[in-house]
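*Asks:* Would you mind keeping the following structure in view while I ask a few things?
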Amino acid sequence: MEQVSHARSDTPATRRRRSVRVLGATLLTGLLLGGAVPYVTGTGDTYLSYLVLDERTDARGAEHAAGQARALGGKVVQDYPQIGAVLAYAGPRFAGKLRQRPGIAAVGATRTVPVPSPPRPLAGAAFDTGTAHGPEAAALPLGDAVPPGDTAERADDSTATVPDPGEQSDWNLAMIGALDRPAGRGAALLRPPVADRGTATSADRAAALPTAQQLSKVTVAVLDSGVDDTHPDLRAAVDPGASASCADGRPDSRSGAWRPDDAINESGHGTHVAGIVGAARDGHGVTGVAPGVRIAAVRLLGPLGQYYAENIVCGMLWAADHGARAINDSYFADPWKYNCPEDADQAALAAAVGRAVAYAQRKGAVVVASAGNDGQDLNAGRADRRSPNDRTTGPPDDRQLGTECIRLPGELPGVVTVTAVDRNGLPAGYSNYGRGKVSIAAPGGDPDGGTQGAIVSDWPGGRYAALAGTSMSAAHVTGAVAVVAARHPDWSSDRISADLARAADENCTRALPLGCQDRDFYGAGILALPTD
């Protein structure tokens with residue numbers, strides 16, 4: 001959720017209050033939250049969750065890592081044979097001891113606040129290949145200003161919904177050439193749509209858009225807070241066979257496990273992102289960039305309101321094994337906004353997520369991530385005053401960081417990292433940037449712009465909301481990957497990314513009078529669907 005923080009856009013105080021409230025409910029009542037598995041009754045001990053990485057990055061490595069963890073009293077709850085890693089629960093001294101064991105590459109605590117026990121056993125918590133067919137936005141009430149920091153896209157229970165836009169709030173689609181008709185009357189641009197100003201004709205754009213039948217052969221994964229597949233715009237798009245929850249690091253493919261939990265703030269974020277990617281073109285609601293695409297809905301947001309590294313690893317592997325051609329990541333990894341290599345725990349988390357991303361890329365997926373909503377130069381030193389964000393007491397650390405500290409997964413090798421532009425193609429003030437750190441710019445909108453300046457998309461319960469943030473930008477790129485993959489099913493992920501970069505560069509001259517002068521912000525340019 002960039003979430004304008006992931007965009008997770010709520011403040012540290014809000015996150016702290018939510019964590020205390022939900023943690024208390026979990027521990028005192030043991031209720032099942034949105035399909036997440038509650039912790040078992042405490043035994044007097046407390047546990048942290050750890051990712052354990054073997055030197056071998058295969059099933060044998062995972063088996064060895066599990067054995068070493070158990071030898072030190074760790075309780076292994078999930079293995080990741082695709083990358084030679086396991087998820088284990090143990091006491092606070094576990095990591096230091098296990099790092100000394102032969103064959104262990106890294107061990108990292110994924111949280112800073114202990115829990116009373118490991119999660120309960122979950123039937124069917126295993127990976128399978130499936131059938132291969134198939135916040136980062138912070139939701140702000142319309143008219144609210146973007147709070148300092150990374151708050152542009154995150155939404156919570158106060159998110160204002162808007163009336164059914166009737167597929168007319170589509171300035172964002174006009175900007176990237178994703179319409180086969182003029183922009184809707186409710187989305188008239190302050191200047192003519194980018195797609196209408198260059199040499200490309202309407203017929204050219206229409207020819208560039210694949211049919212729904214072509215798109216139905218492409219699967220993209222939305223790793224997020226969950227997707228409401230009962231929404232009219234998404235009912236036909238979400239593929240139950242490719243969807244699951246990874247809300248505690250274990251794949252749960254029980255029916256509906258991928259849906260959002262309305263007891264957790266920001267739970268509507270994933271539905272909004274999914275609508276941008278692939279909402280149906282049916283005359284109602286909104287239209288996605290790739291209407292007809294198959295969506296693998298993978299819920300990462302856990303019952304404590306966190307996107308822990310094991311959730312990301314689980315989701316990335318699940319999406320890759322279910323044939324996703326694009327994997328959308330509009331969030332950052334909790335509890336550390338930036339993970340630093342000098343810290344053994346954070347280094348292990350970066351290595352684990354890095355292995356999962358590399359696995360997905362080898363399987364043919366384009367991994368797309370939001371750049372973040374802090375307005376920071378990722379090539380410069382920066383302050384992080386909200387980590388760790390899973391704490392329940394006390395202030396966050398006041399960390400002054402160098403460029404070696406990275407956001408996950410957006411700063412990992414090969415990830416297409418997306419910045420945000422407003423309806424005029426100009427940089428959004430909340431968006432992170434950095435030459436060599438960001439890949440491409442796409443519509444993210446203005447959080448003060450209402451339905452005319454933000455991005456209108458789906459919201460749980462058949463509703464609609466207007467949000468702004470790099471979460472929205474990333475979703476546009478994910479939809480564009482699906483469009484190219486549908487037209488060129490034999491293309492590799494690298495070729496798809498290169499084609500989008502070429503079209504984005506060409507779009508600069510159509511979008512801006514002087515072109516994309518600030519490549520630190522625009523990367524390759526402004527997203528446009530290729531016409532060939």
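The chains in the structure tokens are called A, B, ... from first to last as shown; in each chain the residues are counted from 1, and the ligands are counted from 1 in the order shown.
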Residues of region 377-518 of chain A classed as strand (DSSP E or B) by DSSP on the backbone are to be reported as a PyMOL selection string.

*Replies:* chain A and resi 377+382-384+399-401+406+416-421+427+433+440-443+455-459+463-468

*Asks:* Would you list the contacts of region 490-507 of chain A as a PyMOL selection string, taking every protein, DNA or RNA residue within 7 Å and counting only C-alpha atoms, but skipping same-chain residues closer than 4 positions in sequence?

*Replies:* chain A and resi 364-366+481+484-485+511+524-530

*Asks:* Can you spit out the residues from that selection as a tab-separated table (two decimals), in the first residue's frame, using N, CA, C and O atoms?

*Replies:*
chain	number	residue	atom	x	y	z
A	364	GLY	N	9.10	-15.83	-15.48
A	364	GLY	CA	8.51	-15.06	-16.57
A	364	GLY	C	7.66	-13.88	-16.16
A	364	GLY	O	6.99	-13.28	-17.00
A	365	ALA	N	7.66	-13.52	-14.89
A	365	ALA	CA	6.82	-12.41	-14.42
A	365	ALA	C	7.58	-11.09	-14.45
A	365	ALA	O	8.78	-11.04	-14.14
A	366	VAL	N	6.88	-10.03	-14.80
A	366	VAL	CA	7.38	-8.67	-14.62
A	366	VAL	C	6.93	-8.23	-13.23
A	366	VAL	O	5.72	-8.17	-12.96
A	481	VAL	N	1.45	-4.15	-18.72
A	481	VAL	CA	2.18	-5.40	-18.95
A	481	VAL	C	1.23	-6.46	-19.49
A	481	VAL	O	1.54	-7.20	-20.43
A	484	VAL	N	0.42	-5.85	-23.21
A	484	VAL	CA	1.50	-6.26	-24.12
A	484	VAL	C	1.61	-7.78	-24.16
A	484	VAL	O	1.79	-8.38	-25.23
A	485	ALA	N	1.49	-8.42	-22.99
A	485	ALA	CA	1.58	-9.88	-22.96
A	485	ALA	C	0.45	-10.54	-23.74
A	485	ALA	O	0.63	-11.60	-24.37
A	511	ALA	N	3.24	14.25	-24.12
A	511	ALA	CA	2.64	14.62	-22.85
A	511	ALA	C	3.05	16.00	-22.37
A	511	ALA	O	2.27	16.71	-21.75
A	524	ALA	N	12.16	6.07	-17.62
A	524	ALA	CA	12.06	5.93	-19.07
A	524	ALA	C	11.11	6.93	-19.69
A	524	ALA	O	11.22	7.27	-20.87
A	525	GLY	N	10.15	7.42	-18.93
A	525	GLY	CA	9.15	8.35	-19.47
A	525	GLY	C	7.80	8.10	-18.84
A	525	GLY	O	7.68	7.47	-17.77
A	526	ILE	N	6.75	8.60	-19.50
A	526	ILE	CA	5.38	8.46	-19.02
A	526	ILE	C	4.71	7.28	-19.70
A	526	ILE	O	4.70	7.18	-20.93
A	527	LEU	N	4.14	6.40	-18.92
A	527	LEU	CA	3.54	5.17	-19.44
A	527	LEU	C	2.59	5.44	-20.61
A	527	LEU	O	1.76	6.34	-20.56
A	528	ALA	N	2.72	4.63	-21.65
A	528	ALA	CA	1.79	4.63	-22.77
A	528	ALA	C	1.73	3.21	-23.32
A	528	ALA	O	2.75	2.50	-23.35
A	529	LEU	N	0.55	2.78	-23.75
A	529	LEU	CA	0.45	1.45	-24.34
A	529	LEU	C	1.09	1.48	-25.73
A	529	LEU	O	0.75	2.33	-26.56
A	530	PRO	N	2.01	0.58	-25.99
A	530	PRO	CA	2.62	0.53	-27.33
A	530	PRO	C	1.57	0.28	-28.39
A	530	PRO	O	0.58	-0.43	-28.17

*Asks:* Return as JSON lines the residues of region 262-367 of chain A lying at most 7 Å from region 372-392 of chain A, together with the closest atom-to-atom pair for each and the distance in Å to one decimal, counting only C-alpha atoms, with rows in chain order and ascending residue number.

*Replies:*
{"residue": "A:Asp334", "atom": "CA", "partner": "A:Asn389", "partner_atom": "CA", "distance": 6.8}
{"residue": "A:Pro335", "atom": "CA", "partner": "A:Pro388", "partner_atom": "CA", "distance": 4.8}
{"residue": "A:Trp336", "atom": "CA", "partner": "A:Ser387", "partner_atom": "CA", "distance": 5.1}
{"residue": "A:Lys337", "atom": "CA", "partner": "A:Ser387", "partner_atom": "CA", "distance": 6.2}

*Asks:* Need the shell around Leu209 (chain A): protein/DNA/RNA residues with any atom at most 9 Å away, counting only C-alpha atoms. Skip same-chain ones fewer than 6 positions apart. Format as a list in words?

*Replies:*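 Listing them by chain and then by number gives Ala178, Leu179, Asp180, Ala290, Val483, Val484, Arg487, Leu529 and Thr531 of chain A.
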
*Asks:* For the residues in the current selection, export C-alpha atoms as a short mmCIF file (atom, residue, chain, number, x, y, z; two decimals), in the first residue's frame.

*Replies:*
data_model
loop_
_atom_site.label_atom_id
_atom_site.label_comp_id
_atom_site.auth_asym_id
_atom_site.auth_seq_id
_atom_site.Cartn_x
_atom_site.Cartn_y
_atom_site.Cartn_z
CA ALA A 178 -5.91 2.86 -23.07
CA LEU A 179 -9.19 4.15 -24.52
CA ASP A 180 -10.77 3.24 -27.81
CA ALA A 290 -6.64 -4.42 -19.20
CA VAL A 483 -1.91 -5.67 -22.54
CA VAL A 484 1.50 -6.26 -24.12
CA ARG A 487 -0.76 -9.12 -27.86
CA LEU A 529 0.45 1.45 -24.34
CA THR A 531 0.80 0.70 -30.65
#

*Asks:* Near region 406-423 of chain A, within 8 Å and counting only C-alpha atoms, which residues show up once chain neighbours fewer than 4 positions away are dropped, as an MDAnalysis selection string?

*Replies:* chainID A and resid 171:172 175 189:190 329 332:333 337:340 350 353:354 357 366:372 427:428 431:433 437:446 453 469:470 472:474 477 497 521:522

*Asks:* For Asp252 (chain A), please output as a count of residues only all residues within 6 Å (counting only C-alpha atoms; exclusion window: fewer than 4 positions along the same chain).

*Replies:* 3

*Asks:* In Å to one decimal, how far is CA of Val286 (chain A) from CA of Gly166 (chain A)?

*Replies:*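 Those two atoms sit 6.5 Å apart.
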
*Asks:* Given only C-alpha atoms as the basis, pick out the residue of A:Asp458, A:Asp398, A:Asp448, A:Glu404 nearest to His284 (chain A).

*Replies:*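 Ranked by minimum distance to His284 (chain A), first place goes to A:Asp458.
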
*Asks:* Counting only C-alpha atoms, figure out which residue out of A:His64, A:Arg510, A:Arg111, A:His269 gets nearest to Tyr50 (chain A).

*Replies:*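 The shortest atom-to-atom distance to Tyr50 (chain A) comes from A:Arg111.
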
*Asks:* For Ser243 (chain A), which of A:Gly292, A:Pro513, A:Pro210, A:Gly323 is the closest residue, counting only C-alpha atoms?

*Replies:*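 Comparing A:Gly292, A:Pro513, A:Pro210, A:Gly323 against Ser243 (chain A), the winner is A:Gly323.
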
*Asks:* Report as an MDAnalysis selection string all protein, DNA and RNA residues lying within 10 Å of Asp239 (chain A), evaluated on only C-alpha atoms, omitting residues in the same chain fewer than 4 positions from it.

*Replies:* chainID A and resid 131 133:134 219:221 229 234:235 243:244 293:297

*Asks:* Store the residues picked out above, limited to C-alpha atoms, as a JSON list (two decimals), in the first residue's frame.

*Replies:*
[["chain", "number", "residue", "atom", "x", "y", "z"],
["A", 131, "THR", "CA", -3.78, -23.92, -13.27],
["A", 133, "HIS", "CA", -4.33, -19.59, -17.13],
["A", 134, "GLY", "CA", -4.51, -17.59, -14.71],
["A", 219, "THR", "CA", -2.88, -13.75, -15.48],
["A", 220, "VAL", "CA", -1.60, -10.90, -13.34],
["A", 221, "ALA", "CA", -1.27, -11.03, -9.58],
["A", 229, "ASP", "CA", -14.22, -10.48, -6.02],
["A", 234, "LEU", "CA", -14.20, -7.60, -10.67],
["A", 235, "ARG", "CA", -16.58, -10.54, -10.41],
["A", 243, "SER", "CA", -5.98, -16.64, -5.59],
["A", 244, "ALA", "CA", -5.02, -17.14, -1.96],
["A", 293, "VAL", "CA", -7.38, -10.02, -17.77],
["A", 294, "ARG", "CA", -7.38, -12.79, -15.16],
["A", 295, "ILE", "CA", -6.47, -11.53, -11.67],
["A", 296, "ALA", "CA", -4.77, -13.69, -9.07],
["A", 297, "ALA", "CA", -5.84, -11.96, -5.85]]

*Asks:* Counting only C-alpha atoms, which residue out of A:Ala465, A:Ala263, A:Ala454, A:Leu215 sits closest to Pro489 (chain A)?

*Replies:*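 Of A:Ala465, A:Ala263, A:Ala454, A:Leu215, the one nearest Pro489 (chain A), counting only C-alpha atoms, is A:Leu215.
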